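Comments concern the structure below.
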Amino acid sequence: MTVVKVRVRFSPAPTGYLHVGGARTALFNWLYARHVDGTFVLRIEDTDAANSRDELVDGILRTLRWLGIDWDEGPFRQSERVELYAAAVARLLADKAAYYCACTREQIEARMKGSANQGYDGWCRDLGHTSGAVRFRSPDDGQTVVHDLIRGDVVFEHATIEDFVIQRTDGSAVFLLANAVDDVDMGITHVIRGEDLLPSTPKVLLIRGALGVPDAPVYAHLSLIVNEKRQKLSKRRDDVAVEEYREKGYLPEAMRNYLALLGWSPSGDEEIVPVERMIAEFDVTDVTPSPAFFDVRKLEAVNGEYIRALPVATFVRDCLPWLEMDPPWPPERFDLAVFERVAPFVQERVRVLSEVRAIVDFLFLEHPVIDPDSWAKGVARVPEAGELLDDAAGAYATCPWDPVALREVTAASAEARGLKLAKAQAPIRVAVTGRTVGIPLFESLHVLGRERTLERLHRAKERLSAL
RNA sequence: GGCCCCAUCGUCUAGUGGCCGAGGACACCACCCUCUCAAGGUGGCGACACGGGUUCGAAUCCCGUUGGGGCUGCCA
């Protein structure tokens, strides 16, 4: 018995950026290929020239690489394999398994009006046209069974399958034909793709049969990823471009891990698992058949976990794009050494990397941006705010400049005023950072320096007095 | 309309006839820790869509109902 090596393929159409659904399909193909030590083929389905653009292909490849999904063969482009499709169509035509059709959409609809059936009625089957679109002659009876690893056997009655177009009037192949030809030519053994393609599977199988290919690949139709209304994600309405998540500061490992959780789960109670373990445990048969909602909040939680698990130096490096590109502070004021000192505190407070700038901006801005709500809550509505600010300014002018000492003198002030430290630190925090929340205050002051701290305390006092 | 798929906490899931008075994760709530916010810890809320079968026994098998979704293009 010969053991046939598993060959899978991810075949996106470059009609837009790679979206989360496509990314998950690619991921599951990749995980399966790596799990069984098979071959992962990348194929670009760009038979529709009008809707395909080169830069979109580049974007898809870039995103796959970012996610750590590598391919063993390809990328092949269907636009470069047109002779193969033309030859296949010629053969089907010669075998009377396909025929030319000259009907327009309008003519078909006019004929079908009032009929219970929809789709094409086979009008041109025996008219002997020699030009136009080419339609596959679907059998009138019998059935095709799709053997699906996730859904079991799915039966399609041939009577419900219309004579579908396999070649456009301009001579280009439709994906059904190209798909059938390529999967045979590339020796694809397992087809893992979205459930939206399930109804097209019997058509592809019919084409393969007419082309003289007796066997079929094993199919696995993944459930769709849906939005809050439980509809298939739409590029237009939903936030689905993987590239956008990258730009917001999601880590590729986190995105990959989250995507894998949609329809699959690792053994045990841990959901955050290294990719090696995913590969070791992944099997398409274990994938859930029901649709999954793309929950950004859970993605954020997963991303937060990945961020916290990073070595600090790596975290700092990963943050650089957000600190250096179009920052809210004058670029020349940015000081990497300063950021490195507070990085450990920042790291456990962000869920996406783009959040770092708002947490550390006070360190690089000439003056902190005072958040109105924070001012109201932390200063204006605190009766002792003025006194606390004065106490701090006085004590900070002479005390040793380290977090412990700063905390001590601040606590002493609080106690003298009959306040808890938690309450007393608020006006100071707002004065210096602009907000009531943030990284530990005394560490912040320490990094900021005595001079700038005192200056900010005085400005806040002036602002308070002016009201 | 026709064809097809799906159905466990709000969400993602574990569960393949007895181990389930249904487990985990996210979210939410409470408490603890605490200079704020986080992080961390503890606890809580919370589901087998419905109706029939099959069986000694059903979340698990079968049928139906209902609900949701996909496809129905000379896009893929």
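All residue names refer to the structure tokens as shown: chains lettered A, B, ... in order, residues numbered from 1 in each chain, ligands numbered from 1 in order.
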
Secondary structure check, alpha helix (DSSP H) residues of region 166-315 of chain A, as JSON, numbers by chain: {"A": [175, 176, 177, 178, 179, 180, 181, 182, 183, 184, 185, 201, 202, 203, 204, 205, 206, 207, 208, 209, 210, 242, 243, 244, 245, 246, 247, 248, 252, 253, 254, 255, 256, 257, 258, 259, 260, 261, 275, 276, 277, 278, 279, 280, 281, 296, 297, 298, 299, 300, 301, 302, 303, 304, 305, 306, 307, 308, 312, 313, 314, 315]}

Neighbours of chain A in chain B at 10 Å, counting only C-alpha atoms (C1' of nucleotides), as a ChimeraX atom specification: /B:1-7,11-14,23-27,34-39,68-76

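Atom to atom, CA of Glu387 (chain A) and CA of Cys399 (chain A) stand 17.9 Å apart.
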
Close residues, Phe40 (chain A) itself excluded, 6 Å, only C-alpha atoms (C1' of nucleotides), min 4 positions apart in chain, as number ranges by chain: A: 8-9, 33, 71-72

Near-U66 (chain B) list (12 Å; only C-alpha atoms (C1' of nucleotides); drop same-chain fewer than 3 positions) as a list in words: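 What passes the distance filter is A7, A49, C50 and G51 of chain B.
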
With C-alpha atoms (C1' of nucleotides) retained, export the selected residues as a CSV table (one decimal), in the first residue's frame.
```
chain,number,residue,atom,x,y,z
B,7,A,C1',-28.3,24.4,17.0
B,49,A,C1',-33.9,25.6,21.4
B,50,C,C1',-38.8,22.7,21.5
B,51,G,C1',-41.6,18.1,20.7
```

Distance in Å - CA of Val312 (chain A) versus CA of Phe339 (chain A):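 Here the two named atoms are 11.1 Å from each other.
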
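Reported to one decimal place, the separation of C1' of C19 (chain B) from C1' of G57 (chain B) is 14.0 Å.
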
Strand (DSSP E or B) positions in region 28-151 of chain A, given as a PyMOL selection string: chain A and resi 39-44+73-77+98-101+133-136+143-148

Within 10 Å of Trp66 (chain A) using only C-alpha atoms (C1' of nucleotides), minus same-chain residues under 3 positions, as a ChimeraX atom specification: /A:60-63,69-70,242-243,246,251-253,256

Export all heavy atoms of the chosen residues as an mmCIF file, in the first residue's frame?
```
data_model
loop_
_atom_site.group_PDB
_atom_site.id
_atom_site.type_symbol
_atom_site.label_atom_id
_atom_site.label_comp_id
_atom_site.auth_asym_id
_atom_site.auth_seq_id
_atom_site.Cartn_x
_atom_site.Cartn_y
_atom_site.Cartn_z
ATOM 1 N N ILE A 60 -1.709 39.982 0.759
ATOM 2 C CA ILE A 60 -2.106 38.685 1.305
ATOM 3 C C ILE A 60 -0.874 37.886 1.721
ATOM 4 O O ILE A 60 -0.825 37.306 2.813
ATOM 5 C CB ILE A 60 -2.934 37.893 0.272
ATOM 6 C CG1 ILE A 60 -4.311 38.567 0.112
ATOM 7 C CG2 ILE A 60 -3.093 36.437 0.701
ATOM 8 C CD1 ILE A 60 -5.140 38.032 -1.038
ATOM 9 N N LEU A 61 0.141 37.898 0.860
ATOM 10 C CA LEU A 61 1.368 37.159 1.180
ATOM 11 C C LEU A 61 2.020 37.740 2.432
ATOM 12 O O LEU A 61 2.492 37.006 3.309
ATOM 13 C CB LEU A 61 2.360 37.233 0.014
ATOM 14 C CG LEU A 61 1.895 36.690 -1.343
ATOM 15 C CD1 LEU A 61 3.064 36.668 -2.326
ATOM 16 C CD2 LEU A 61 1.326 35.284 -1.194
ATOM 17 N N ARG A 62 2.028 39.062 2.502
ATOM 18 C CA ARG A 62 2.650 39.725 3.651
ATOM 19 C C ARG A 62 1.929 39.349 4.943
ATOM 20 O O ARG A 62 2.538 39.067 5.970
ATOM 21 C CB ARG A 62 2.602 41.248 3.430
ATOM 22 C CG ARG A 62 3.253 42.039 4.518
ATOM 23 C CD ARG A 62 3.445 43.519 4.145
ATOM 24 N NE ARG A 62 2.855 43.889 2.875
ATOM 25 C CZ ARG A 62 1.767 44.655 2.747
ATOM 26 N NH1 ARG A 62 1.152 45.121 3.791
ATOM 27 N NH2 ARG A 62 1.295 44.958 1.557
ATOM 28 N N THR A 63 0.613 39.346 4.880
ATOM 29 C CA THR A 63 -0.158 39.018 6.080
ATOM 30 C C THR A 63 0.034 37.564 6.500
ATOM 31 O O THR A 63 0.129 37.261 7.686
ATOM 32 C CB THR A 63 -1.649 39.306 5.828
ATOM 33 O OG1 THR A 63 -1.803 40.678 5.442
ATOM 34 C CG2 THR A 63 -2.467 39.068 7.090
ATOM 35 N N ILE A 69 2.587 31.874 8.824
ATOM 36 C CA ILE A 69 2.103 30.792 7.980
ATOM 37 C C ILE A 69 2.961 30.763 6.718
ATOM 38 O O ILE A 69 2.899 31.679 5.897
ATOM 39 C CB ILE A 69 0.619 31.023 7.602
ATOM 40 C CG1 ILE A 69 -0.235 30.990 8.873
ATOM 41 C CG2 ILE A 69 0.156 29.984 6.592
ATOM 42 C CD1 ILE A 69 -1.700 31.342 8.643
ATOM 43 N N ASP A 70 3.763 29.730 6.590
ATOM 44 C CA ASP A 70 4.625 29.634 5.414
ATOM 45 C C ASP A 70 4.122 28.528 4.492
ATOM 46 O O ASP A 70 3.412 27.633 4.911
ATOM 47 C CB ASP A 70 6.075 29.358 5.838
ATOM 48 C CG ASP A 70 6.190 28.111 6.701
ATOM 49 O OD1 ASP A 70 5.149 27.606 7.169
ATOM 50 O OD2 ASP A 70 7.306 27.625 6.913
ATOM 51 N N VAL A 242 -7.078 41.572 8.447
ATOM 52 C CA VAL A 242 -6.075 41.174 9.422
ATOM 53 C C VAL A 242 -5.019 42.268 9.553
ATOM 54 O O VAL A 242 -4.531 42.557 10.640
ATOM 55 C CB VAL A 242 -5.413 39.846 9.001
ATOM 56 C CG1 VAL A 242 -4.290 39.484 9.956
ATOM 57 C CG2 VAL A 242 -6.455 38.738 8.978
ATOM 58 N N GLU A 243 -4.718 42.885 8.434
ATOM 59 C CA GLU A 243 -3.723 43.959 8.414
ATOM 60 C C GLU A 243 -4.096 45.076 9.383
ATOM 61 O O GLU A 243 -3.242 45.688 10.023
ATOM 62 C CB GLU A 243 -3.632 44.515 6.988
ATOM 63 C CG GLU A 243 -2.440 45.412 6.748
ATOM 64 C CD GLU A 243 -1.177 44.625 6.410
ATOM 65 O OE1 GLU A 243 -1.209 43.385 6.439
ATOM 66 O OE2 GLU A 243 -0.161 45.252 6.134
ATOM 67 N N ARG A 246 -3.146 44.199 12.820
ATOM 68 C CA ARG A 246 -1.711 44.346 12.975
ATOM 69 C C ARG A 246 -1.383 45.799 13.290
ATOM 70 O O ARG A 246 -0.585 46.107 14.160
ATOM 71 C CB ARG A 246 -1.032 43.925 11.670
ATOM 72 C CG ARG A 246 0.459 44.164 11.655
ATOM 73 C CD ARG A 246 1.027 43.887 10.279
ATOM 74 N NE ARG A 246 2.487 43.913 10.311
ATOM 75 C CZ ARG A 246 3.261 43.562 9.290
ATOM 76 N NH1 ARG A 246 2.704 43.137 8.163
ATOM 77 N NH2 ARG A 246 4.563 43.603 9.381
ATOM 78 N N LEU A 251 -0.448 41.176 18.358
ATOM 79 C CA LEU A 251 0.727 40.380 18.047
ATOM 80 C C LEU A 251 0.303 39.212 17.154
ATOM 81 O O LEU A 251 -0.770 38.642 17.348
ATOM 82 C CB LEU A 251 1.355 39.828 19.337
ATOM 83 C CG LEU A 251 1.800 40.867 20.374
ATOM 84 C CD1 LEU A 251 2.341 40.142 21.617
ATOM 85 C CD2 LEU A 251 2.876 41.769 19.791
ATOM 86 N N PRO A 252 1.132 38.860 16.213
ATOM 87 C CA PRO A 252 0.779 37.761 15.297
ATOM 88 C C PRO A 252 0.502 36.450 16.024
ATOM 89 O O PRO A 252 -0.421 35.718 15.664
ATOM 90 C CB PRO A 252 1.987 37.660 14.364
ATOM 91 C CG PRO A 252 3.092 38.372 15.062
ATOM 92 C CD PRO A 252 2.440 39.443 15.881
ATOM 93 N N GLU A 253 1.271 36.185 17.074
ATOM 94 C CA GLU A 253 1.067 34.940 17.816
ATOM 95 C C GLU A 253 -0.310 34.926 18.482
ATOM 96 O O GLU A 253 -0.965 33.890 18.569
ATOM 97 C CB GLU A 253 2.143 34.767 18.899
ATOM 98 C CG GLU A 253 3.565 34.628 18.373
ATOM 99 C CD GLU A 253 4.194 35.969 17.999
ATOM 100 O OE1 GLU A 253 3.591 37.037 18.277
ATOM 101 O OE2 GLU A 253 5.293 35.959 17.419
ATOM 102 N N ARG A 256 -3.018 34.529 15.811
ATOM 103 C CA ARG A 256 -3.007 33.146 15.348
ATOM 104 C C ARG A 256 -3.672 32.234 16.381
ATOM 105 O O ARG A 256 -4.477 31.377 16.056
ATOM 106 C CB ARG A 256 -1.545 32.720 15.124
ATOM 107 C CG ARG A 256 -1.382 31.374 14.490
ATOM 108 C CD ARG A 256 0.086 31.141 14.161
ATOM 109 N NE ARG A 256 0.935 31.236 15.342
ATOM 110 C CZ ARG A 256 2.253 31.373 15.301
ATOM 111 N NH1 ARG A 256 2.874 31.441 14.146
ATOM 112 N NH2 ARG A 256 2.960 31.447 16.406
#
```

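Around Arg137 (chain A), within 9 Å and counting only C-alpha atoms (C1' of nucleotides), the residues found are Lys96, Ala97, Ala98, Tyr99, Gly122, Arg125, Glu162, Asp163 and Phe164 of chain A, once anything fewer than 5 positions away on its own chain is removed.
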
So that I have them on file, write out the residues from the current selection with N, CA, C and O atoms, as a CSV table (one decimal), in the first residue's frame.
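The result, written out as again_9.csv:
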```csv
chain,number,residue,atom,x,y,z
A,96,LYS,N,-18.9,16.7,-25.4
A,96,LYS,CA,-20.3,17.1,-25.2
A,96,LYS,C,-20.7,17.2,-23.7
A,96,LYS,O,-21.8,17.0,-23.4
A,97,ALA,N,-19.7,17.4,-22.9
A,97,ALA,CA,-19.9,17.5,-21.5
A,97,ALA,C,-20.2,19.0,-21.2
A,97,ALA,O,-20.5,19.3,-20.0
A,98,ALA,N,-20.0,19.8,-22.2
A,98,ALA,CA,-20.2,21.2,-22.0
A,98,ALA,C,-20.6,21.8,-23.4
A,98,ALA,O,-20.4,21.1,-24.4
A,99,TYR,N,-21.2,23.0,-23.3
A,99,TYR,CA,-21.7,23.6,-24.6
A,99,TYR,C,-21.7,25.1,-24.5
A,99,TYR,O,-21.7,25.6,-23.4
A,122,GLY,N,-31.1,25.5,-19.3
A,122,GLY,CA,-30.5,24.6,-20.3
A,122,GLY,C,-31.0,24.9,-21.7
A,122,GLY,O,-30.9,24.0,-22.6
A,125,ARG,N,-28.5,24.0,-24.7
A,125,ARG,CA,-27.9,22.7,-24.6
A,125,ARG,C,-27.6,22.1,-26.0
A,125,ARG,O,-26.5,21.6,-26.3
A,162,GLU,N,-27.9,23.3,-11.8
A,162,GLU,CA,-28.2,23.9,-13.1
A,162,GLU,C,-26.9,23.7,-14.0
A,162,GLU,O,-25.9,23.3,-13.5
A,163,ASP,N,-27.1,23.9,-15.3
A,163,ASP,CA,-25.9,24.0,-16.2
A,163,ASP,C,-25.2,25.3,-15.9
A,163,ASP,O,-25.6,26.3,-16.4
A,164,PHE,N,-24.1,25.1,-15.1
A,164,PHE,CA,-23.4,26.3,-14.7
A,164,PHE,C,-22.2,26.7,-15.7
A,164,PHE,O,-21.7,25.9,-16.4
```
